[in-house]
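For reference, model05.csv is printed below; it contains CSV, C-alpha atoms and all ligand atoms.
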chain,number,residue,atom,x,y,z
A,17,MET,CA,-37.8,-12.1,6.1
A,18,ALA,CA,-36.2,-11.7,2.7
A,19,GLN,CA,-32.7,-13.0,2.3
A,20,LYS,CA,-30.1,-10.2,2.5
A,21,GLU,CA,-28.0,-9.4,-0.5
A,22,THR,CA,-24.3,-10.2,0.0
A,23,ILE,CA,-21.5,-8.2,-1.6
A,24,ILE,CA,-18.3,-10.2,-1.8
A,25,VAL,CA,-15.0,-8.4,-1.4
A,26,ILE,CA,-12.0,-10.7,-2.3
A,27,GLY,CA,-8.8,-9.9,-0.5
A,28,ALA,CA,-7.7,-9.0,3.0
A,29,GLY,CA,-4.7,-6.9,1.9
A,30,VAL,CA,-4.7,-3.1,2.4
A,31,ILE,CA,-6.8,-2.6,-0.8
A,32,GLY,CA,-9.5,-5.1,0.1
A,33,LEU,CA,-9.7,-4.0,3.7
A,34,SER,CA,-9.8,-0.3,2.9
A,35,THR,CA,-12.5,-0.9,0.2
A,36,ALA,CA,-14.7,-3.1,2.4
A,37,LEU,CA,-14.5,-0.6,5.3
A,38,HIS,CA,-15.4,2.4,3.1
A,39,LEU,CA,-18.2,0.5,1.3
A,40,GLN,CA,-19.8,-0.5,4.6
A,41,GLN,CA,-21.0,3.1,5.2
A,42,PHE,CA,-23.1,3.1,2.0
A,43,LEU,CA,-24.9,-0.2,2.5
A,44,SER,CA,-28.7,-0.4,2.9
A,45,PRO,CA,-30.0,-2.6,5.8
A,46,SER,CA,-30.8,-5.3,3.2
A,47,GLN,CA,-27.1,-5.7,2.2
A,48,GLN,CA,-24.1,-7.1,3.9
A,49,ILE,CA,-20.4,-7.7,3.0
A,50,LEU,CA,-18.5,-11.0,3.1
A,51,LEU,CA,-14.8,-10.5,2.9
A,52,VAL,CA,-13.2,-13.6,1.4
A,53,ALA,CA,-9.4,-14.2,1.4
A,54,ARG,CA,-6.7,-16.9,1.3
A,55,ASP,CA,-4.4,-14.8,3.6
A,56,TRP,CA,-5.2,-12.6,6.6
A,57,PRO,CA,-3.4,-10.0,8.7
A,58,ASN,CA,-2.4,-12.6,11.3
A,59,THR,CA,-0.6,-14.7,8.7
A,60,THR,CA,2.4,-14.3,6.4
A,61,SER,CA,3.1,-15.5,2.9
A,62,VAL,CA,5.4,-14.3,0.2
A,63,ASN,CA,2.4,-13.8,-2.1
A,64,TYR,CA,0.5,-11.6,0.4
A,65,ALA,CA,2.2,-8.3,0.0
A,66,SER,CA,0.5,-6.2,2.7
A,67,PRO,CA,2.2,-7.3,5.9
A,68,TRP,CA,5.6,-6.9,4.3
A,69,ALA,CA,5.3,-3.2,3.3
A,70,GLY,CA,7.6,-0.7,5.1
A,71,ALA,CA,5.4,1.3,4.8
A,72,HIS,CA,5.8,5.0,4.3
A,73,TYR,CA,4.1,7.6,2.2
A,74,ARG,CA,6.1,9.5,-0.4
A,75,PRO,CA,5.1,11.2,-3.6
A,76,VAL,CA,6.3,9.8,-7.0
A,77,PRO,CA,6.5,12.5,-9.6
A,78,GLY,CA,5.6,11.5,-13.2
A,79,SER,CA,3.4,12.5,-16.1
A,80,SER,CA,2.0,9.2,-17.3
A,81,PRO,CA,-1.7,8.6,-17.0
A,82,GLN,CA,-0.9,6.1,-14.2
A,83,ALA,CA,1.3,8.6,-12.3
A,84,ILE,CA,-1.4,11.3,-12.6
A,85,ARG,CA,-4.2,8.9,-11.4
A,86,GLU,CA,-2.0,7.7,-8.5
A,87,GLU,CA,-1.1,11.3,-7.5
A,88,LYS,CA,-4.8,12.0,-7.0
A,89,GLN,CA,-5.4,8.8,-5.0
A,90,ALA,CA,-2.2,9.5,-2.9
A,91,ARG,CA,-3.3,13.0,-1.9
A,92,ARG,CA,-6.7,11.7,-0.7
A,93,THR,CA,-4.9,8.9,1.2
A,94,TYR,CA,-2.6,11.5,2.9
A,95,GLU,CA,-5.7,13.3,4.2
A,96,HIS,CA,-7.2,10.0,5.4
A,97,PHE,CA,-4.0,9.1,7.2
A,98,ARG,CA,-4.2,12.4,9.0
A,99,HIS,CA,-7.3,11.0,10.7
A,100,GLU,CA,-5.8,7.5,11.3
A,101,ALA,CA,-2.7,8.9,12.9
A,102,SER,CA,-5.0,10.4,15.6
A,103,VAL,CA,-6.4,7.0,16.5
A,104,PRO,CA,-4.4,5.2,19.2
A,105,GLY,CA,-3.4,1.7,18.0
A,106,SER,CA,-4.1,2.2,14.3
A,107,GLY,CA,-0.4,1.7,13.5
A,108,VAL,CA,-0.2,5.0,11.6
A,109,ALA,CA,2.0,7.8,12.8
A,110,TRP,CA,3.4,11.2,11.7
A,111,VAL,CA,7.1,11.3,11.1
A,112,GLU,CA,9.6,13.5,9.3
A,113,GLY,CA,10.3,12.4,5.7
A,114,VAL,CA,13.5,13.2,3.9
A,115,GLU,CA,14.6,12.4,0.4
A,116,HIS,CA,18.2,12.6,-0.9
A,117,LEU,CA,18.8,11.9,-4.6
A,118,GLU,CA,22.3,11.5,-6.0
A,119,ASN,CA,21.3,11.4,-9.7
A,120,PRO,CA,17.7,12.8,-9.9
A,121,PRO,CA,15.7,11.6,-12.9
A,122,ALA,CA,14.4,14.2,-15.3
A,123,GLU,CA,10.9,14.3,-13.7
A,124,TYR,CA,12.5,15.5,-10.4
A,125,LEU,CA,14.4,18.3,-12.1
A,126,ASP,CA,11.3,19.8,-13.7
A,127,GLU,CA,10.2,22.4,-11.2
A,128,ARG,CA,6.6,21.2,-11.8
A,129,ALA,CA,7.5,18.0,-10.1
A,130,LEU,CA,7.5,19.9,-6.8
A,131,GLY,CA,3.8,20.2,-7.3
A,132,ASN,CA,3.6,16.5,-6.3
A,133,TYR,CA,5.0,17.5,-2.9
A,134,THR,CA,3.3,20.9,-2.0
A,135,HIS,CA,0.3,19.2,-0.3
A,136,LEU,CA,2.6,17.7,2.3
A,137,ASP,CA,2.7,19.6,5.6
A,138,GLY,CA,6.1,21.3,6.2
A,139,PHE,CA,7.3,20.6,2.7
A,140,ARG,CA,10.6,22.4,1.8
A,141,LYS,CA,13.2,21.8,-0.9
A,142,LEU,CA,16.6,21.5,0.8
A,143,GLU,CA,19.3,24.0,0.2
A,144,ALA,CA,22.6,22.8,-1.4
A,145,SER,CA,24.3,23.5,1.9
A,146,GLU,CA,22.0,21.1,3.7
A,147,LEU,CA,22.7,18.1,1.3
A,148,PRO,CA,25.1,15.4,2.2
A,149,GLU,CA,28.1,14.8,-0.1
A,150,GLY,CA,27.1,13.3,-3.4
A,151,VAL,CA,23.5,14.3,-3.1
A,152,LYS,CA,22.2,16.7,-5.8
A,153,TRP,CA,18.5,17.0,-4.9
A,154,GLY,CA,16.7,16.8,-1.5
A,155,VAL,CA,13.4,17.6,0.2
A,156,ARG,CA,11.8,17.3,3.6
A,157,TYR,CA,8.2,17.1,4.7
A,158,ASN,CA,5.9,15.7,7.3
A,159,THR,CA,4.5,12.3,6.4
A,160,PHE,CA,3.2,9.0,7.7
A,161,THR,CA,4.7,5.7,8.4
A,162,ILE,CA,2.5,2.7,8.9
A,163,ASN,CA,3.1,-0.5,10.9
A,164,SER,CA,1.6,-2.5,8.1
A,165,PRO,CA,0.5,-5.7,9.9
A,166,VAL,CA,-0.9,-3.7,12.8
A,167,TYR,CA,-2.8,-1.3,10.4
A,168,CYS,CA,-4.3,-4.2,8.5
A,169,ALA,CA,-5.4,-6.0,11.7
A,170,TYR,CA,-6.9,-2.7,13.0
A,171,MET,CA,-9.0,-2.3,9.7
A,172,LEU,CA,-10.1,-5.9,9.9
A,173,ARG,CA,-11.3,-5.4,13.5
A,174,ARG,CA,-13.2,-2.3,12.5
A,175,PHE,CA,-14.8,-4.1,9.6
A,176,VAL,CA,-16.0,-7.0,11.8
A,177,ILE,CA,-17.2,-4.7,14.6
A,178,LYS,CA,-19.4,-2.9,12.0
A,179,GLY,CA,-21.1,-6.1,11.0
A,180,GLY,CA,-18.7,-7.3,8.3
A,181,MET,CA,-18.4,-11.1,7.8
A,182,VAL,CA,-15.2,-13.0,6.9
A,183,LYS,CA,-14.4,-16.3,5.2
A,184,GLU,CA,-11.0,-17.9,4.7
A,185,TYR,CA,-11.2,-19.5,1.3
A,186,THR,CA,-8.9,-19.8,-1.8
A,187,LEU,CA,-10.8,-19.1,-5.0
A,188,ALA,CA,-9.8,-20.8,-8.3
A,189,ASN,CA,-11.7,-18.3,-10.4
A,190,VAL,CA,-13.3,-14.9,-9.7
A,191,GLN,CA,-16.7,-16.4,-10.8
A,192,GLU,CA,-16.5,-18.9,-7.9
A,193,ALA,CA,-17.1,-16.0,-5.5
A,194,PHE,CA,-20.7,-15.6,-6.7
A,195,TYR,CA,-21.4,-19.0,-5.1
A,196,LEU,CA,-20.0,-18.3,-1.6
A,197,ALA,CA,-23.2,-16.9,-0.2
A,198,GLU,CA,-26.9,-16.6,-1.2
A,199,ASN,CA,-28.0,-13.7,-3.3
A,200,VAL,CA,-24.7,-12.4,-4.6
A,201,ARG,CA,-24.7,-10.0,-7.6
A,202,THR,CA,-21.6,-8.0,-6.9
A,203,VAL,CA,-18.0,-9.2,-6.4
A,204,VAL,CA,-15.2,-6.7,-5.7
A,205,ASN,CA,-11.9,-8.2,-6.8
A,206,CYS,CA,-9.0,-6.9,-4.6
A,207,SER,CA,-6.9,-10.0,-5.0
A,208,GLY,CA,-3.5,-8.3,-5.6
A,209,VAL,CA,-2.5,-10.0,-8.8
A,210,GLY,CA,-6.0,-10.8,-10.2
A,211,PHE,CA,-7.0,-14.1,-11.7
A,212,GLY,CA,-4.8,-14.9,-14.7
A,213,ASP,CA,-4.6,-11.3,-16.0
A,214,SER,CA,-1.8,-11.3,-18.6
A,215,LYS,CA,-0.9,-7.7,-17.6
A,216,SER,CA,-0.2,-8.7,-14.0
A,217,PHE,CA,3.4,-9.3,-12.8
A,218,ILE,CA,5.3,-9.3,-9.5
A,219,ILE,CA,8.1,-7.2,-8.2
A,220,ARG,CA,10.2,-8.9,-5.6
A,221,GLY,CA,11.2,-6.8,-2.6
A,222,GLN,CA,13.8,-7.7,0.0
A,223,THR,CA,14.1,-5.6,3.1
A,224,CYS,CA,15.5,-6.1,6.6
A,225,LEU,CA,13.6,-5.4,9.8
A,226,VAL,CA,15.9,-4.3,12.7
A,227,ARG,CA,15.3,-3.3,16.3
A,228,ASN,CA,17.3,-0.1,16.0
A,229,PRO,CA,15.0,2.9,16.3
A,230,CYS,CA,15.2,5.7,13.8
A,231,SER,CA,13.4,9.0,14.0
A,232,VAL,CA,12.8,9.9,10.3
A,233,THR,CA,11.9,8.0,7.1
A,234,LEU,CA,14.7,8.7,4.7
A,235,THR,CA,14.7,7.7,1.0
A,236,ARG,CA,18.0,7.9,-0.9
A,237,GLN,CA,18.4,7.4,-4.6
A,238,ASN,CA,21.9,6.1,-5.4
A,239,SER,CA,24.0,7.1,-8.4
A,240,ASP,CA,23.4,3.7,-10.0
A,241,GLY,CA,19.6,4.4,-10.0
A,242,THR,CA,18.8,2.0,-7.1
A,243,TRP,CA,16.9,3.3,-4.1
A,244,SER,CA,17.5,2.8,-0.3
A,245,PHE,CA,15.2,3.7,2.5
A,246,CYS,CA,14.7,3.4,6.2
A,247,ILE,CA,11.1,3.3,7.6
A,248,PRO,CA,10.5,3.4,11.4
A,249,ARG,CA,7.4,1.2,12.2
A,250,PRO,CA,5.1,2.9,14.7
A,251,LEU,CA,4.2,1.3,18.0
A,252,GLU,CA,7.8,0.2,18.6
A,253,GLY,CA,7.7,-2.1,15.6
A,254,GLY,CA,11.4,-1.6,14.7
A,255,THR,CA,12.8,-0.1,11.5
A,256,ILE,CA,12.5,-1.4,8.0
A,257,ILE,CA,15.7,-1.0,5.9
A,258,GLY,CA,15.2,-1.5,2.2
A,259,GLY,CA,15.2,-2.5,-0.4
A,260,THR,CA,15.1,-4.2,-3.7
A,261,LYS,CA,12.7,-3.9,-6.6
A,262,GLN,CA,13.2,-7.0,-8.8
A,263,VAL,CA,10.7,-7.4,-11.6
A,264,ASN,CA,9.5,-11.0,-12.2
A,265,ASN,CA,12.1,-12.4,-9.7
A,266,TRP,CA,10.4,-15.4,-8.0
A,267,ASP,CA,13.1,-16.2,-5.5
A,268,PRO,CA,11.3,-16.6,-2.1
A,269,ASN,CA,14.5,-16.8,-0.2
A,270,PRO,CA,16.3,-13.8,1.3
A,271,SER,CA,19.8,-13.2,0.0
A,272,LEU,CA,22.4,-12.7,2.7
A,273,GLU,CA,24.5,-10.6,0.3
A,274,THR,CA,21.5,-8.3,-0.2
A,275,ARG,CA,21.0,-8.0,3.6
A,276,GLU,CA,24.7,-7.1,4.0
A,277,THR,CA,24.5,-4.4,1.3
A,278,LEU,CA,21.3,-2.9,2.8
A,279,LEU,CA,22.8,-2.7,6.3
A,280,ARG,CA,26.1,-1.4,5.1
A,281,ASN,CA,24.4,1.4,3.2
A,282,ALA,CA,22.1,2.1,6.1
A,283,SER,CA,24.9,2.6,8.5
A,284,LYS,CA,26.4,5.2,6.1
A,285,TRP,CA,23.3,7.1,5.1
A,286,PHE,CA,20.6,6.8,7.7
A,287,PRO,CA,20.4,8.7,11.0
A,288,PHE,CA,20.5,5.8,13.4
A,289,SER,CA,21.4,6.9,16.9
A,290,ALA,CA,25.1,6.9,17.8
A,291,GLU,CA,24.7,4.1,20.3
A,292,SER,CA,24.0,1.8,17.3
A,293,GLY,CA,27.7,2.2,16.5
A,294,GLY,CA,26.9,1.2,12.9
A,295,LYS,CA,25.7,-2.2,14.2
A,296,PHE,CA,22.2,-3.6,13.6
A,297,ASP,CA,20.1,-5.9,15.7
A,298,VAL,CA,18.3,-7.9,13.0
A,299,ILE,CA,14.8,-9.2,13.7
A,300,ARG,CA,14.3,-10.8,10.3
A,301,ASP,CA,14.8,-10.6,6.6
A,302,ILE,CA,11.7,-9.9,4.5
A,303,VAL,CA,10.9,-11.1,1.0
A,304,GLY,CA,7.5,-10.1,-0.5
A,305,ARG,CA,6.0,-9.9,-4.0
A,306,ARG,CA,4.5,-6.5,-4.9
A,307,PRO,CA,1.4,-7.2,-7.1
A,308,ALA,CA,2.0,-5.1,-10.2
A,309,ARG,CA,0.2,-4.5,-13.5
A,310,GLU,CA,1.2,-2.9,-16.7
A,311,GLY,CA,-0.3,0.6,-16.9
A,312,GLY,CA,-1.1,0.5,-13.2
A,313,MET,CA,-4.1,-0.8,-11.2
A,314,ARG,CA,-7.1,-2.2,-12.9
A,315,ILE,CA,-10.0,-0.2,-11.5
A,316,GLU,CA,-12.9,-1.3,-13.7
A,317,VAL,CA,-16.4,-2.7,-13.8
A,318,GLU,CA,-16.9,-6.0,-15.7
A,319,LYS,CA,-20.4,-7.2,-16.4
A,320,LEU,CA,-20.6,-11.0,-16.5
A,321,GLY,CA,-24.3,-11.3,-17.6
A,322,GLU,CA,-27.2,-12.8,-15.5
A,323,GLY,CA,-27.1,-9.6,-13.4
A,324,ARG,CA,-23.6,-10.3,-12.1
A,325,THR,CA,-20.9,-7.6,-11.8
A,326,VAL,CA,-17.3,-7.8,-10.9
A,327,VAL,CA,-15.6,-4.5,-9.8
A,328,HIS,CA,-11.8,-4.9,-10.2
A,329,GLY,CA,-9.3,-3.2,-7.9
A,330,TYR,CA,-5.9,-4.9,-8.1
A,331,GLY,CA,-2.3,-4.3,-9.2
A,332,ALA,CA,-1.1,-1.6,-6.7
A,333,ALA,CA,2.6,-2.6,-7.1
A,334,GLY,CA,4.8,-0.7,-4.6
A,335,ARG,CA,2.3,2.0,-3.6
A,336,GLY,CA,-0.6,0.0,-2.1
A,337,TYR,CA,-0.6,1.9,1.2
A,338,GLU,CA,0.2,5.3,-0.3
A,339,ILE,CA,-2.8,5.2,-2.6
A,340,SER,CA,-5.1,2.8,-0.5
A,341,TRP,CA,-7.8,5.2,0.6
A,342,GLY,CA,-8.0,7.0,-2.8
A,343,VAL,CA,-8.4,3.6,-4.5
A,344,ALA,CA,-11.1,2.5,-2.0
A,345,GLU,CA,-13.0,5.8,-2.8
A,346,ASP,CA,-12.7,5.2,-6.5
A,347,LEU,CA,-13.9,1.6,-6.3
A,348,VAL,CA,-16.9,2.6,-4.1
A,349,LYS,CA,-17.7,5.5,-6.5
A,350,LEU,CA,-17.9,2.9,-9.3
A,351,ILE,CA,-20.0,0.6,-7.2
A,352,ARG,CA,-22.4,3.4,-6.4
A,353,ALA,CA,-22.5,4.7,-10.0
A,354,GLU,CA,-23.6,1.2,-11.1
A,355,GLY,CA,-26.4,1.3,-8.6
A,356,LEU,CA,-25.0,-1.8,-6.8
A,357,VAL,CA,-25.6,-0.4,-3.3
A,358,LEU,CA,-29.2,0.3,-2.3
A,359,GLU,CA,-28.5,3.5,-0.6
A,360,LYS,CA,-30.6,4.8,2.3
A,361,ALA,CA,-32.5,8.0,1.3
A,362,SER,CA,-30.9,10.9,3.2
A,363,LEU,CA,-33.6,12.6,5.2
B,401,LIG,C1,9.1,-5.3,0.7
B,401,LIG,C2,7.9,-4.4,0.3
B,401,LIG,C3,7.9,-3.0,0.7
B,401,LIG,C4,6.8,-2.2,0.4
B,401,LIG,N1,6.8,-0.9,0.9
B,401,LIG,C5,5.7,-0.1,0.6
B,401,LIG,C6,5.6,1.2,1.1
B,401,LIG,O1,6.5,1.7,1.7
B,401,LIG,N2,4.5,2.0,0.8
B,401,LIG,C7,3.5,1.4,0.1
B,401,LIG,O2,2.5,2.1,-0.2
B,401,LIG,N3,3.5,0.1,-0.4
B,401,LIG,C8,4.6,-0.6,-0.1
B,401,LIG,N4,4.6,-1.9,-0.6
B,401,LIG,C9,3.6,-2.4,-1.5
B,401,LIG,C10,2.3,-2.8,-0.8
B,401,LIG,O3,2.7,-3.8,0.1
B,401,LIG,C11,1.3,-3.4,-1.8
B,401,LIG,O4,1.1,-2.4,-2.8
B,401,LIG,C12,0.0,-3.7,-1.2
B,401,LIG,O5,0.2,-4.5,0.0
B,401,LIG,C13,-0.9,-4.4,-2.1
B,401,LIG,O6,-2.1,-4.7,-1.4
B,401,LIG,P1,-3.2,-5.6,-2.0
B,401,LIG,O7,-4.4,-5.6,-1.1
B,401,LIG,O8,-3.5,-5.2,-3.5
B,401,LIG,O9,-2.6,-7.1,-2.2
B,401,LIG,P2,-2.2,-8.1,-1.1
B,401,LIG,O10,-1.7,-7.5,0.2
B,401,LIG,O11,-1.2,-9.1,-1.8
B,401,LIG,O12,-3.5,-8.9,-0.7
B,401,LIG,C14,-4.2,-9.7,-1.6
B,401,LIG,C15,-5.3,-10.4,-0.9
B,401,LIG,O13,-6.0,-11.2,-1.9
B,401,LIG,C16,-6.1,-12.5,-1.4
B,401,LIG,N5,-6.2,-13.4,-2.6
B,401,LIG,C17,-5.4,-13.5,-3.7
B,401,LIG,N6,-5.7,-14.5,-4.5
B,401,LIG,C18,-6.7,-15.1,-3.9
B,401,LIG,C19,-7.5,-16.3,-4.2
B,401,LIG,N7,-7.3,-16.9,-5.3
B,401,LIG,N8,-8.5,-16.6,-3.4
B,401,LIG,C20,-8.7,-16.0,-2.2
B,401,LIG,N9,-8.0,-14.9,-1.8
B,401,LIG,C21,-7.0,-14.5,-2.7
B,401,LIG,C22,-4.9,-12.7,-0.6
B,401,LIG,O14,-5.0,-13.8,0.3
B,401,LIG,C23,-4.8,-11.4,0.1
B,401,LIG,O15,-5.7,-11.4,1.2
B,401,LIG,C24,5.7,-2.8,-0.3
B,401,LIG,C25,5.7,-4.1,-0.7
B,401,LIG,C26,6.8,-4.9,-0.4
B,401,LIG,C27,6.8,-6.4,-0.7
Translate the structure described by the file into structure tokens.
Ligand SMILES: Cc1cc2nc3c(=O)[nH]c(=O)nc-3n(C[C@H](O)[C@H](O)[C@H](O)COP(=O)(O)OP(=O)(O)OC[C@H]3O[C@@H](n4cnc5c(N)ncnc54)[C@H](O)[C@@H]3O)c2cc1C
Amino acid sequence: MAQKETIIVIGAGVIGLSTALHLQQFLSPSQQILLVARDWPNTTSVNYASPWAGAHYRPVPGSSPQAIREEKQARRTYEHFRHEASVPGSGVAWVEGVEHLENPPAEYLDERALGNYTHLDGFRKLEASELPEGVKWGVRYNTFTINSPVYCAYMLRRFVIKGGMVKEYTLANVQEAFYLAENVRTVVNCSGVGFGDSKSFIIRGQTCLVRNPCSVTLTRQNSDGTWSFCIPRPLEGGTIIGGTKQVNNWDPNPSLETRETLLRNASKWFPFSAESGGKFDVIRDIVGRRPAREGGMRIEVEKLGEGRTVVHGYGAAGRGYEISWGVAEDLVKLIRAEGLVLEKASL
């Protein structure tokens, strides 16, 4: 029997897992996927962003090419999460989303910005009388929160059950991936930061996971331009209180001062139940590095010669979950357009 062709997907973060799962449904019987990664959903590392994410879904208004592309990917992901939320154990759940902005940036004041929100079930701009003191702009909608480690483990399980193969391995160069199996002509690079891409950078995030339950995900923009949020994790996973966004800050250690600020603000602004009494039961401090890239994600085909193709999908920064399924669809579209999957003829 002829040797099967192996497609390598690098990365077991939310982007690599979503892409591998979506790609599986287009393979011919003569093709298989090998998922290769240094870090996996059962592990933690400051350089592996996915398990640290809150994660919630919220629109980000903007008119840059990156914002417009992400908006389309986010909408498709919202539709996908609608399905995932109906699967017990997926780690995705519907929840009420609220935003309170003290000093809304120009893009929020442009009425067209609301177009970024209108696809959300139950969307409504809040009346001035509904806004807390100091808040100038607010909205509410129905959205999703994701227990990120649970969701990644769930996707990995589905991938393996559908015949996907896995290999724990640290690559020194993307080209090394072509040698990890026989008959490899396609590598999908979902490695987060890429391999030596000068446009890549990291954004440090510090959050705090507490046991206290919260029934909504609330995002608040403060007058100094910083953002605070609370994100309940489905399946009784506690609540994430965040958070910092520190560009090119490589400190792997949580700051106690930051934790105190996060919790102090949370007790003022977020609707934790009265029995909390403003006190938090801390499970752990979280520090993670969001894999960012100037201009947004690299979603691109690179031909290396000798029939080898790399399809890049990295640099999701702080929106990896929100745009995950849209990104996976875009990557698979590129792979199919290049004729890299030998699709079964539809009868
Ligand atoms: C504190 C915090 C809060 C966040 N909150 C949210 C949120 O609310 N909503 C949201 O949408 N996003 C959020 N994010 C962002 C989100 O976590 C990231 O966008 C997302 O996880 C990026 O996924 P990824 O798959 O691209 O990268 P990663 O999760 O970093 O995965 C990269 C994968 O590539 C592998 N890899 C890398 N290099 C190599 C190599 N050389 N050899 C082999 N394997 C390699 C890694 O081992 C890993 O498996 C948050 C992030 C942080 C840190």
Write as a compact mmCIF listing (two decimals) with C-alpha atoms, in the coordinates of the input the residues around ligand LIG 401 (chain B), taking 6 Å as the cut-off and counting all atoms listed in the file.
# COMPACT_ATOMS: atom_id res chain seq x y z
CA ILE A 26 -12.00 -10.70 -2.30
CA GLY A 27 -8.80 -9.90 -0.50
CA ALA A 28 -7.70 -9.00 3.00
CA GLY A 29 -4.70 -6.90 1.90
CA VAL A 30 -4.70 -3.10 2.40
CA ILE A 31 -6.80 -2.60 -0.80
CA GLY A 32 -9.50 -5.10 0.10
CA ALA A 53 -9.40 -14.20 1.40
CA ARG A 54 -6.70 -16.90 1.30
CA ASP A 55 -4.40 -14.80 3.60
CA TRP A 56 -5.20 -12.60 6.60
CA ASN A 63 2.40 -13.80 -2.10
CA TYR A 64 0.50 -11.60 0.40
CA ALA A 65 2.20 -8.30 0.00
CA SER A 66 0.50 -6.20 2.70
CA TRP A 68 5.60 -6.90 4.30
CA ALA A 69 5.30 -3.20 3.30
CA GLY A 70 7.60 -0.70 5.10
CA ALA A 71 5.40 1.30 4.80
CA HIS A 72 5.80 5.00 4.30
CA TYR A 73 4.10 7.60 2.20
CA TYR A 185 -11.20 -19.50 1.30
CA THR A 186 -8.90 -19.80 -1.80
CA LEU A 187 -10.80 -19.10 -5.00
CA ALA A 188 -9.80 -20.80 -8.30
CA CYS A 206 -9.00 -6.90 -4.60
CA SER A 207 -6.90 -10.00 -5.00
CA GLY A 208 -3.50 -8.30 -5.60
CA GLY A 221 11.20 -6.80 -2.60
CA GLN A 222 13.80 -7.70 0.00
CA THR A 223 14.10 -5.60 3.10
CA GLY A 304 7.50 -10.10 -0.50
CA ARG A 305 6.00 -9.90 -4.00
CA ARG A 306 4.50 -6.50 -4.90
CA TYR A 330 -5.90 -4.90 -8.10
CA GLY A 331 -2.30 -4.30 -9.20
CA ALA A 332 -1.10 -1.60 -6.70
CA ALA A 333 2.60 -2.60 -7.10
CA GLY A 334 4.80 -0.70 -4.60
CA ARG A 335 2.30 2.00 -3.60
CA GLY A 336 -0.60 0.00 -2.10
CA TYR A 337 -0.60 1.90 1.20
CA GLU A 338 0.20 5.30 -0.30
Report task. Dump as JSON, numbers by chain all residues having an atom at most 12 Å from (-23.8, -8.8, -7.0), computed in the file's coordinates with only C-alpha atoms. Result -> {"A": [20, 21, 22, 23, 24, 25, 47, 48, 49, 50, 191, 193, 194, 195, 196, 197, 198, 199, 200, 201, 202, 203, 204, 205, 317, 318, 319, 320, 321, 322, 323, 324, 325, 326, 327, 351, 354, 355, 356, 357, 358]}
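Using all atoms listed in the file, the protein and nucleic acid residues lying no more than 8 Å from A:Leu33, apart from those fewer than 6 places from it along its own chain, are Gly27, Cys168, Met171, Leu172 and Phe175 of chain A.
Of note, atom CA of A:Glu192 and atom CA of A:Ile315 are spaced 20.1 Å apart.
Distance check against A:Ile219 using only C-alpha atoms: of A:Val303, A:Met181, A:Ile339, A:Ile257, the minimum falls on A:Val303.
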Query raised in the report: In Å to one decimal, how far is atom CA of A:Ser106 from atom CA of A:Tyr170?
Result: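 Between atom CA of A:Tyr170 and atom CA of A:Ser106 the gap works out to 5.8 Å.
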Query raised in the report: To one decimal place, how far is atom CA of A:Phe160 from atom CA of A:Ala109 in Å?
Result: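 Computing it gives 5.4 Å between the two atoms.
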Requested in this report: Might you pull out every residue within 10 Å of A:Glu86, with all atoms listed in the file counted and same-chain residues fewer than 4 positions away left off, and present them as a PyMOL selection string?
Outcome: chain A and resi 75-78+80-82+90-92+312-313+332+335+338-340+342-343
**Report entry** Within 10 Å of file point (25.8, 15.1, -3.8), counting only C-alpha atoms, expressed as a list in words
**Finding:** His116, Leu117, Glu118, Asn119, Ala144, Leu147, Pro148, Glu149, Gly150, Val151, Lys152, Trp153, Gly154, Asn238 and Ser239 of chain A
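Candidate residues A:Leu136, A:Val232, A:Leu130, A:His328 were compared for distance to A:Phe288, and the nearest is A:Val232, using all atoms listed in the file.
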Requested in this report: Using all atoms listed in the file, pick whichever of A:Glu95, A:Glu115, A:Glu146, A:Asp213 has the shortest atom-to-atom distance to A:Pro307.
Outcome: A:Asp213
Requested in this report: Please provide the set of residues having any atom within 12 Å of A:Asp301, restricted to all atoms listed in the file, with same-chain residues fewer than 2 positions apart removed, written as number ranges by chain.
Outcome: A: 62, 68, 221-226, 255-259, 268-276, 278-279, 297-299, 303-304
Query - Nearest candidate to A:Gly253 (options A:Arg220, A:Arg227, A:His99, A:Lys178; using all atoms listed in the file) - result: A:Arg227
Query - Contacts of A:Gly293 within 12 Å, only C-alpha atoms, excl. fewer than 5 positions in-chain, as number ranges by chain - result: A: 228, 282-284, 287-288
